[in-house]
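Asks: This structure is in structure tokens; I'll ask about it shortly.
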Amino acid sequence: MKQSKPGKLAPARLQQWRLATQLGFFALFVLAPSLNLLRFDLTDTQLWFLGQRWSLGIDALAQGQISPTDAALQLVWRAFVPGLLLVAVFLGVAYRYGRLYCGWLCPHFSMVEMLNKLLHRACGKLSLWDKSATPRPGATPHAGWWPLFVLSCVLMGFIWAITLLTYLLPPGLIWGGLVEGTLTPNQSRFLLIAGTVFTLEFAFARHLFCRFGCAVGLFQSLAWMANPKGMVVAFARERARECKTCDAPRGSACDNACPMRLNPRNIKRMMFSCVQCGQCLTACDATQQDQQRTPTLAWQVGVDALRETLRQRQREQAERN
């Protein structure tokens, strides 16, 4: 990803690309076990990766085919080195671009956004815990959407449970057992308990999990916060008055668009759980264009992001004094 690429993409086009990456990664998440792209089979204690059996050399050591030294070297090269490289690349991307995985790939966050839209259609809120509705243009709540929201929570909850089980047991065994009704008691209990937990999480705590319960998101945010040049949503504060009328009478469009319930015009320190989805940029662009104005929000990375961070710190210090 080039430094200036986010800013060059038209906001509407940006969201189309993001939707495509989300759908593609969700399909990969569900189909990976069936295609043996990634799963650990508990029945024969075997890791599958990209269609191949991935051996750490432990079985060969037990059978006396290799020495303990060779087994240790294989363990390092086949387990620790790939793992460390994966973590380094993942955190390296997060260090520069923030929680890009969450906003563009994560299958859980994809479900969060889908369920947000359904709940908003039902009651005008993005969460059952919201005290007031979130106003959005062209959206009129209707109680007829409630059954679809509940059904979607249940369906996604059990799809999640089934998919996770196929990462641990042969997918053909699980899907075949579901169709033929031949699941073992333990498999049935797992699906019932896990499906219920995921359903409740999707219905009541999906935002809370993304913000406070997801370790993957947490470490991305920590890496991003450590980099003053990491990509941020910069706000043209000299045009702050324009925000008051950008989406009147509903308020600021970017605030109502953020799926993580953040204020995108805030300082970086207050944007810890930002997932870089760009919805605030899209909303800002649409409302400002309606009034023949340019957007007041834009992605900045590198030196430009550093200037924005320093400007935020100076402003914060001035307010304290």
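Chain labels run A, B, ... following the order of the structure tokens; each chain numbers its residues from 1, and ligands are numbered from 1 in the order shown.
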List every residue of range 56-196 of chain A that DSSP, applied to the backbone, labels as alpha helix (DSSP H), and write the result as a PyMOL selection string.

Replies: chain A and resi 58-62+68-75+81-97+100-104+107-123+146-166+171-180+185-196

Asks: Just want the 12 Å neighbourhood of His108 in chain A, counted on only C-alpha atoms, with same-chain residues fewer than 6 positions away dropped. Output as a PDB file with all heavy atoms, in the first residue's frame.

Replies:
ATOM      1  N   GLN A  22     -13.693  -7.722   2.661  1.00  0.00           N
ATOM      2  CA  GLN A  22     -14.393  -8.351   3.780  1.00  0.00           C
ATOM      3  C   GLN A  22     -15.103  -9.626   3.347  1.00  0.00           C
ATOM      4  O   GLN A  22     -15.011 -10.658   4.026  1.00  0.00           O
ATOM      5  CB  GLN A  22     -15.399  -7.370   4.387  1.00  0.00           C
ATOM      6  CG  GLN A  22     -14.771  -6.251   5.188  1.00  0.00           C
ATOM      7  CD  GLN A  22     -15.815  -5.302   5.749  1.00  0.00           C
ATOM      8  OE1 GLN A  22     -16.713  -4.845   5.031  1.00  0.00           O
ATOM      9  NE2 GLN A  22     -15.715  -4.989   7.024  1.00  0.00           N
ATOM     10  N   LEU A  23     -15.813  -9.569   2.232  1.00  0.00           N
ATOM     11  CA  LEU A  23     -16.526 -10.751   1.753  1.00  0.00           C
ATOM     12  C   LEU A  23     -15.548 -11.863   1.380  1.00  0.00           C
ATOM     13  O   LEU A  23     -15.781 -13.040   1.680  1.00  0.00           O
ATOM     14  CB  LEU A  23     -17.384 -10.382   0.543  1.00  0.00           C
ATOM     15  CG  LEU A  23     -18.584  -9.466   0.815  1.00  0.00           C
ATOM     16  CD1 LEU A  23     -19.275  -9.094  -0.494  1.00  0.00           C
ATOM     17  CD2 LEU A  23     -19.575 -10.133   1.767  1.00  0.00           C
ATOM     18  N   PHE A  25     -12.488 -12.369   2.570  1.00  0.00           N
ATOM     19  CA  PHE A  25     -11.842 -12.950   3.741  1.00  0.00           C
ATOM     20  C   PHE A  25     -12.836 -13.767   4.565  1.00  0.00           C
ATOM     21  O   PHE A  25     -12.465 -14.781   5.158  1.00  0.00           O
ATOM     22  CB  PHE A  25     -11.233 -11.855   4.606  1.00  0.00           C
ATOM     23  CG  PHE A  25     -10.201 -12.363   5.577  1.00  0.00           C
ATOM     24  CD1 PHE A  25      -8.902 -12.595   5.166  1.00  0.00           C
ATOM     25  CD2 PHE A  25     -10.528 -12.630   6.900  1.00  0.00           C
ATOM     26  CE1 PHE A  25      -7.950 -13.077   6.045  1.00  0.00           C
ATOM     27  CE2 PHE A  25      -9.585 -13.117   7.786  1.00  0.00           C
ATOM     28  CZ  PHE A  25      -8.287 -13.341   7.358  1.00  0.00           C
ATOM     29  N   PHE A  26     -14.100 -13.346   4.587  1.00  0.00           N
ATOM     30  CA  PHE A  26     -15.103 -14.140   5.306  1.00  0.00           C
ATOM     31  C   PHE A  26     -15.285 -15.497   4.638  1.00  0.00           C
ATOM     32  O   PHE A  26     -15.382 -16.526   5.322  1.00  0.00           O
ATOM     33  CB  PHE A  26     -16.435 -13.392   5.353  1.00  0.00           C
ATOM     34  CG  PHE A  26     -17.474 -14.083   6.190  1.00  0.00           C
ATOM     35  CD1 PHE A  26     -17.493 -13.902   7.572  1.00  0.00           C
ATOM     36  CD2 PHE A  26     -18.413 -14.922   5.621  1.00  0.00           C
ATOM     37  CE1 PHE A  26     -18.440 -14.553   8.364  1.00  0.00           C
ATOM     38  CE2 PHE A  26     -19.358 -15.580   6.399  1.00  0.00           C
ATOM     39  CZ  PHE A  26     -19.369 -15.384   7.775  1.00  0.00           C
ATOM     40  N   PHE A  29     -12.369 -17.569   5.593  1.00  0.00           N
ATOM     41  CA  PHE A  29     -12.495 -18.004   6.983  1.00  0.00           C
ATOM     42  C   PHE A  29     -13.386 -19.243   7.097  1.00  0.00           C
ATOM     43  O   PHE A  29     -13.069 -20.191   7.816  1.00  0.00           O
ATOM     44  CB  PHE A  29     -13.067 -16.854   7.813  1.00  0.00           C
ATOM     45  CG  PHE A  29     -13.553 -17.241   9.184  1.00  0.00           C
ATOM     46  CD1 PHE A  29     -12.663 -17.593  10.182  1.00  0.00           C
ATOM     47  CD2 PHE A  29     -14.911 -17.251   9.476  1.00  0.00           C
ATOM     48  CE1 PHE A  29     -13.111 -17.944  11.450  1.00  0.00           C
ATOM     49  CE2 PHE A  29     -15.367 -17.604  10.734  1.00  0.00           C
ATOM     50  CZ  PHE A  29     -14.468 -17.948  11.720  1.00  0.00           C
ATOM     51  N   VAL A  30     -14.489 -19.252   6.359  1.00  0.00           N
ATOM     52  CA  VAL A  30     -15.434 -20.367   6.437  1.00  0.00           C
ATOM     53  C   VAL A  30     -14.935 -21.590   5.667  1.00  0.00           C
ATOM     54  O   VAL A  30     -15.098 -22.730   6.119  1.00  0.00           O
ATOM     55  CB  VAL A  30     -16.823 -19.928   5.912  1.00  0.00           C
ATOM     56  CG1 VAL A  30     -17.781 -21.116   5.855  1.00  0.00           C
ATOM     57  CG2 VAL A  30     -17.405 -18.833   6.802  1.00  0.00           C
ATOM     58  N   TYR A 101      -6.417  -4.651   9.695  1.00  0.00           N
ATOM     59  CA  TYR A 101      -7.004  -5.995   9.628  1.00  0.00           C
ATOM     60  C   TYR A 101      -8.454  -5.968  10.116  1.00  0.00           C
ATOM     61  O   TYR A 101      -9.329  -6.579   9.504  1.00  0.00           O
ATOM     62  CB  TYR A 101      -6.186  -6.977  10.474  1.00  0.00           C
ATOM     63  CG  TYR A 101      -6.893  -8.289  10.700  1.00  0.00           C
ATOM     64  CD1 TYR A 101      -6.913  -9.266   9.716  1.00  0.00           C
ATOM     65  CD2 TYR A 101      -7.565  -8.543  11.901  1.00  0.00           C
ATOM     66  CE1 TYR A 101      -7.580 -10.468   9.914  1.00  0.00           C
ATOM     67  CE2 TYR A 101      -8.237  -9.735  12.098  1.00  0.00           C
ATOM     68  CZ  TYR A 101      -8.243 -10.694  11.111  1.00  0.00           C
ATOM     69  OH  TYR A 101      -8.921 -11.863  11.296  1.00  0.00           O
ATOM     70  N   CYS A 102      -8.699  -5.261  11.198  1.00  0.00           N
ATOM     71  CA  CYS A 102     -10.053  -5.224  11.763  1.00  0.00           C
ATOM     72  C   CYS A 102     -11.046  -4.608  10.783  1.00  0.00           C
ATOM     73  O   CYS A 102     -12.127  -5.150  10.549  1.00  0.00           O
ATOM     74  CB  CYS A 102     -10.067  -4.419  13.062  1.00  0.00           C
ATOM     75  SG  CYS A 102      -9.105  -5.148  14.397  1.00  0.00           S
ATOM     76  N   MET A 114     -22.730  -5.588   9.616  1.00  0.00           N
ATOM     77  CA  MET A 114     -23.996  -6.069   9.079  1.00  0.00           C
ATOM     78  C   MET A 114     -25.101  -5.989  10.112  1.00  0.00           C
ATOM     79  O   MET A 114     -26.213  -5.509   9.841  1.00  0.00           O
ATOM     80  CB  MET A 114     -23.845  -7.513   8.590  1.00  0.00           C
ATOM     81  CG  MET A 114     -25.111  -8.070   7.959  1.00  0.00           C
ATOM     82  SD  MET A 114     -25.125  -9.865   7.830  1.00  0.00           S
ATOM     83  CE  MET A 114     -25.366 -10.344   9.548  1.00  0.00           C
ATOM     84  N   LEU A 115     -24.806  -6.436  11.325  1.00  0.00           N
ATOM     85  CA  LEU A 115     -25.808  -6.418  12.388  1.00  0.00           C
ATOM     86  C   LEU A 115     -26.128  -4.990  12.829  1.00  0.00           C
ATOM     87  O   LEU A 115     -27.258  -4.697  13.220  1.00  0.00           O
ATOM     88  CB  LEU A 115     -25.331  -7.257  13.573  1.00  0.00           C
ATOM     89  CG  LEU A 115     -25.190  -8.752  13.272  1.00  0.00           C
ATOM     90  CD1 LEU A 115     -24.512  -9.482  14.429  1.00  0.00           C
ATOM     91  CD2 LEU A 115     -26.556  -9.375  12.990  1.00  0.00           C
ATOM     92  N   CYS A 153     -28.507 -12.877  14.095  1.00  0.00           N
ATOM     93  CA  CYS A 153     -27.636 -13.138  15.246  1.00  0.00           C
ATOM     94  C   CYS A 153     -27.520 -14.634  15.512  1.00  0.00           C
ATOM     95  O   CYS A 153     -26.423 -15.152  15.745  1.00  0.00           O
ATOM     96  CB  CYS A 153     -28.175 -12.421  16.490  1.00  0.00           C
ATOM     97  SG  CYS A 153     -28.023 -10.622  16.460  1.00  0.00           S
ATOM     98  N   MET A 156     -25.619 -16.376  12.422  1.00  0.00           N
ATOM     99  CA  MET A 156     -24.183 -16.090  12.442  1.00  0.00           C
ATOM    100  C   MET A 156     -23.503 -16.749  13.643  1.00  0.00           C
ATOM    101  O   MET A 156     -22.366 -17.210  13.552  1.00  0.00           O
ATOM    102  CB  MET A 156     -23.944 -14.584  12.465  1.00  0.00           C
ATOM    103  CG  MET A 156     -24.256 -13.877  11.164  1.00  0.00           C
ATOM    104  SD  MET A 156     -23.276 -14.494   9.767  1.00  0.00           S
ATOM    105  CE  MET A 156     -24.527 -15.448   8.884  1.00  0.00           C
ATOM    106  N   GLY A 157     -24.196 -16.793  14.773  1.00  0.00           N
ATOM    107  CA  GLY A 157     -23.639 -17.432  15.962  1.00  0.00           C
ATOM    108  C   GLY A 157     -23.346 -18.900  15.729  1.00  0.00           C
ATOM    109  O   GLY A 157     -22.272 -19.402  16.101  1.00  0.00           O
ATOM    110  N   ILE A 159     -23.097 -20.428  12.701  1.00  0.00           N
ATOM    111  CA  ILE A 159     -22.104 -20.563  11.638  1.00  0.00           C
ATOM    112  C   ILE A 159     -20.704 -20.419  12.225  1.00  0.00           C
ATOM    113  O   ILE A 159     -19.773 -21.146  11.863  1.00  0.00           O
ATOM    114  CB  ILE A 159     -22.347 -19.514  10.530  1.00  0.00           C
ATOM    115  CG1 ILE A 159     -23.570 -19.901   9.707  1.00  0.00           C
ATOM    116  CG2 ILE A 159     -21.115 -19.381   9.630  1.00  0.00           C
ATOM    117  CD1 ILE A 159     -23.907 -18.916   8.611  1.00  0.00           C
ATOM    118  N   TRP A 160     -20.559 -19.458  13.163  1.00  0.00           N
ATOM    119  CA  TRP A 160     -19.266 -19.265  13.831  1.00  0.00           C
ATOM    120  C   TRP A 160     -18.869 -20.526  14.594  1.00  0.00           C
ATOM    121  O   TRP A 160     -17.727 -20.968  14.520  1.00  0.00           O
ATOM    122  CB  TRP A 160     -19.367 -18.082  14.780  1.00  0.00           C
ATOM    123  CG  TRP A 160     -18.223 -17.129  14.684  1.00  0.00           C
ATOM    124  CD1 TRP A 160     -17.179 -17.002  15.543  1.00  0.00           C
ATOM    125  CD2 TRP A 160     -18.006 -16.154  13.670  1.00  0.00           C
ATOM    126  NE1 TRP A 160     -16.321 -16.009  15.137  1.00  0.00           N
ATOM    127  CE2 TRP A 160     -16.806 -15.477  13.980  1.00  0.00           C
ATOM    128  CE3 TRP A 160     -18.698 -15.788  12.520  1.00  0.00           C
ATOM    129  CZ2 TRP A 160     -16.299 -14.457  13.191  1.00  0.00           C
ATOM    130  CZ3 TRP A 160     -18.198 -14.776  11.734  1.00  0.00           C
ATOM    131  CH2 TRP A 160     -17.009 -14.127  12.076  1.00  0.00           C
ATOM    132  N   PHE A 198     -21.973 -17.229  21.024  1.00  0.00           N
ATOM    133  CA  PHE A 198     -21.738 -16.316  19.898  1.00  0.00           C
ATOM    134  C   PHE A 198     -22.999 -15.522  19.557  1.00  0.00           C
ATOM    135  O   PHE A 198     -22.921 -14.339  19.213  1.00  0.00           O
ATOM    136  CB  PHE A 198     -21.254 -17.103  18.676  1.00  0.00           C
ATOM    137  CG  PHE A 198     -19.808 -17.470  18.735  1.00  0.00           C
ATOM    138  CD1 PHE A 198     -19.414 -18.800  18.677  1.00  0.00           C
ATOM    139  CD2 PHE A 198     -18.825 -16.492  18.832  1.00  0.00           C
ATOM    140  CE1 PHE A 198     -18.071 -19.141  18.724  1.00  0.00           C
ATOM    141  CE2 PHE A 198     -17.479 -16.834  18.884  1.00  0.00           C
ATOM    142  CZ  PHE A 198     -17.105 -18.160  18.831  1.00  0.00           C
ATOM    143  N   GLU A 201     -23.284 -12.813  22.050  1.00  0.00           N
ATOM    144  CA  GLU A 201     -22.246 -11.812  21.817  1.00  0.00           C
ATOM    145  C   GLU A 201     -22.602 -10.920  20.635  1.00  0.00           C
ATOM    146  O   GLU A 201     -22.455  -9.691  20.691  1.00  0.00           O
ATOM    147  CB  GLU A 201     -20.910 -12.515  21.576  1.00  0.00           C
ATOM    148  CG  GLU A 201     -19.696 -11.585  21.546  1.00  0.00           C
ATOM    149  CD  GLU A 201     -19.378 -11.068  20.161  1.00  0.00           C
ATOM    150  OE1 GLU A 201     -19.784 -11.735  19.184  1.00  0.00           O
ATOM    151  OE2 GLU A 201     -18.748 -10.007  20.042  1.00  0.00           O
ATOM    152  N   PHE A 202     -23.067 -11.508  19.553  1.00  0.00           N
ATOM    153  CA  PHE A 202     -23.453 -10.718  18.386  1.00  0.00           C
ATOM    154  C   PHE A 202     -24.631  -9.797  18.708  1.00  0.00           C
ATOM    155  O   PHE A 202     -24.693  -8.670  18.208  1.00  0.00           O
ATOM    156  CB  PHE A 202     -23.822 -11.632  17.217  1.00  0.00           C
ATOM    157  CG  PHE A 202     -22.639 -12.197  16.487  1.00  0.00           C
ATOM    158  CD1 PHE A 202     -22.571 -13.539  16.153  1.00  0.00           C
ATOM    159  CD2 PHE A 202     -21.576 -11.383  16.117  1.00  0.00           C
ATOM    160  CE1 PHE A 202     -21.480 -14.064  15.465  1.00  0.00           C
ATOM    161  CE2 PHE A 202     -20.482 -11.892  15.440  1.00  0.00           C
ATOM    162  CZ  PHE A 202     -20.431 -13.237  15.116  1.00  0.00           C
ATOM    163  N   ALA A 205     -23.100  -7.707  22.697  1.00  0.00           N
ATOM    164  CA  ALA A 205     -21.760  -7.236  23.094  1.00  0.00           C
ATOM    165  C   ALA A 205     -20.756  -7.167  21.955  1.00  0.00           C
ATOM    166  O   ALA A 205     -19.561  -7.164  22.201  1.00  0.00           O
ATOM    167  CB  ALA A 205     -21.213  -8.145  24.199  1.00  0.00           C
ATOM    168  N   ARG A 206     -21.210  -7.100  20.719  1.00  0.00           N
ATOM    169  CA  ARG A 206     -20.266  -7.140  19.599  1.00  0.00           C
ATOM    170  C   ARG A 206     -19.318  -5.941  19.615  1.00  0.00           C
ATOM    171  O   ARG A 206     -18.126  -6.085  19.344  1.00  0.00           O
ATOM    172  CB  ARG A 206     -21.018  -7.241  18.268  1.00  0.00           C
ATOM    173  CG  ARG A 206     -22.011  -6.132  18.008  1.00  0.00           C
ATOM    174  CD  ARG A 206     -22.853  -6.436  16.773  1.00  0.00           C
ATOM    175  NE  ARG A 206     -23.780  -5.333  16.497  1.00  0.00           N
ATOM    176  CZ  ARG A 206     -24.938  -5.195  17.112  1.00  0.00           C
ATOM    177  NH1 ARG A 206     -25.319  -6.092  18.008  1.00  0.00           N
ATOM    178  NH2 ARG A 206     -25.729  -4.170  16.818  1.00  0.00           N
ATOM    179  N   HIS A 207     -19.831  -4.730  19.941  1.00  0.00           N
ATOM    180  CA  HIS A 207     -18.961  -3.557  20.013  1.00  0.00           C
ATOM    181  C   HIS A 207     -17.995  -3.665  21.194  1.00  0.00           C
ATOM    182  O   HIS A 207     -16.823  -3.311  21.088  1.00  0.00           O
ATOM    183  CB  HIS A 207     -19.787  -2.280  20.165  1.00  0.00           C
ATOM    184  CG  HIS A 207     -20.655  -1.977  18.986  1.00  0.00           C
ATOM    185  ND1 HIS A 207     -22.000  -2.251  18.980  1.00  0.00           N
ATOM    186  CD2 HIS A 207     -20.360  -1.455  17.771  1.00  0.00           C
ATOM    187  CE1 HIS A 207     -22.505  -1.886  17.814  1.00  0.00           C
ATOM    188  NE2 HIS A 207     -21.538  -1.399  17.058  1.00  0.00           N
ATOM    189  N   PHE A 209     -16.802  -6.318  22.554  1.00  0.00           N
ATOM    190  CA  PHE A 209     -15.739  -7.291  22.263  1.00  0.00           C
ATOM    191  C   PHE A 209     -14.670  -6.663  21.387  1.00  0.00           C
ATOM    192  O   PHE A 209     -13.470  -6.819  21.642  1.00  0.00           O
ATOM    193  CB  PHE A 209     -16.321  -8.533  21.581  1.00  0.00           C
ATOM    194  CG  PHE A 209     -15.268  -9.535  21.172  1.00  0.00           C
ATOM    195  CD1 PHE A 209     -14.734 -10.405  22.107  1.00  0.00           C
ATOM    196  CD2 PHE A 209     -14.791  -9.577  19.861  1.00  0.00           C
ATOM    197  CE1 PHE A 209     -13.750 -11.324  21.742  1.00  0.00           C
ATOM    198  CE2 PHE A 209     -13.812 -10.485  19.494  1.00  0.00           C
ATOM    199  CZ  PHE A 209     -13.296 -11.356  20.436  1.00  0.00           C
ATOM    200  N   CYS A 210     -15.077  -5.961  20.326  1.00  0.00           N
ATOM    201  CA  CYS A 210     -14.102  -5.345  19.420  1.00  0.00           C
ATOM    202  C   CYS A 210     -13.252  -4.305  20.147  1.00  0.00           C
ATOM    203  O   CYS A 210     -12.051  -4.196  19.889  1.00  0.00           O
ATOM    204  CB  CYS A 210     -14.823  -4.690  18.242  1.00  0.00           C
ATOM    205  SG  CYS A 210     -15.454  -5.852  17.014  1.00  0.00           S
ATOM    206  N   CYS A 214     -10.933  -8.100  22.310  1.00  0.00           N
ATOM    207  CA  CYS A 214     -10.196  -8.762  21.234  1.00  0.00           C
ATOM    208  C   CYS A 214      -8.707  -8.492  21.370  1.00  0.00           C
ATOM    209  O   CYS A 214      -8.257  -7.344  21.216  1.00  0.00           O
ATOM    210  CB  CYS A 214     -10.708  -8.285  19.874  1.00  0.00           C
ATOM    211  SG  CYS A 214      -9.830  -9.023  18.482  1.00  0.00           S
ATOM    212  N   VAL A 216      -6.323  -9.456  19.346  1.00  0.00           N
ATOM    213  CA  VAL A 216      -5.769  -9.093  18.042  1.00  0.00           C
ATOM    214  C   VAL A 216      -5.905  -7.588  17.818  1.00  0.00           C
ATOM    215  O   VAL A 216      -4.971  -6.905  17.390  1.00  0.00           O
ATOM    216  CB  VAL A 216      -6.474  -9.871  16.915  1.00  0.00           C
ATOM    217  CG1 VAL A 216      -5.981  -9.414  15.547  1.00  0.00           C
ATOM    218  CG2 VAL A 216      -6.249 -11.369  17.080  1.00  0.00           C
ATOM    219  N   GLY A 217      -7.083  -7.053  18.125  1.00  0.00           N
ATOM    220  CA  GLY A 217      -7.291  -5.618  17.985  1.00  0.00           C
ATOM    221  C   GLY A 217      -6.458  -4.816  18.967  1.00  0.00           C
ATOM    222  O   GLY A 217      -5.917  -3.754  18.628  1.00  0.00           O
TER     223      GLY A 217
END

Asks: Please give the complete set of residues from range 75-305 of chain A that DSSP, run on the backbone, assigns to strand (DSSP E or B), formatted as a list in words.

Replies: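 DSSP-assigned strand (DSSP E or B) residues in range 75-305 of chain A: Val232, Val233, Ala234, Phe235, Leu297, Ala298, Trp299 and Gln300 of chain A.
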
Asks: In terms of the shortest atom-to-atom distance over only C-alpha atoms, which of A:Cys243, A:Leu128, A:Met231, A:Ala203 is closest to Gln276 in chain A?

Replies: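 Using only C-alpha atoms, the shortest distance to Gln276 in chain A belongs to A:Met231.
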
Asks: Could you build a table of the residues in range 36-145 of chain A lying no more than 10 Å from range 260-272 of chain A, giving for each the nearest pair of atoms and their separation in Å rounded to one decimal place, using only C-alpha atoms, ordered by chain and ascending residue number, as a tab-separated table?

Replies:
residue	atom	partner	partner_atom	distance
A:Gly98	CA	A:Phe272	CA	9.2
A:Arg99	CA	A:Phe272	CA	9.4
A:Phe109	CA	A:Met260	CA	9.9
A:Val112	CA	A:Met260	CA	9.5
A:Glu113	CA	A:Met260	CA	9.4
A:Leu126	CA	A:Arg261	CA	8.7
A:Ser127	CA	A:Arg261	CA	9.7
A:Thr134	CA	A:Arg261	CA	9.9

Asks: Using only C-alpha atoms, which residues sit within 12 Å of Asp44 in chain A once same-chain residues fewer than 3 positions away are excluded, as a count of residues only?

Replies: 11

Asks: Let me make sure I understand: among A:Leu173, A:Leu14, A:Val89, A:Ala122, which one has the smallest atom-to-atom distance to Ala139 in chain A if we use only C-alpha atoms?

Replies: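 Of A:Leu173, A:Leu14, A:Val89, A:Ala122, the one nearest Ala139 in chain A is A:Ala122, counting only C-alpha atoms.
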
Asks: For each of A:Pro259, A:Pro147, A:Gly103, A:Pro228, take the minimum atom-to-atom distance to Thr21 in chain A, counting only C-alpha atoms, then give the residue where this is smallest.

Replies: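 So, comparing all the options, the nearest one is A:Gly103.
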
Asks: Give the answer as one residue: which of A:Ala257, A:Met225, A:Leu75, A:Cys284 has the shortest atom-to-atom distance to Glu242 in chain A, using only C-alpha atoms?

Replies: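 Looking at the shortest contact to Glu242 in chain A, the residue is A:Cys284.
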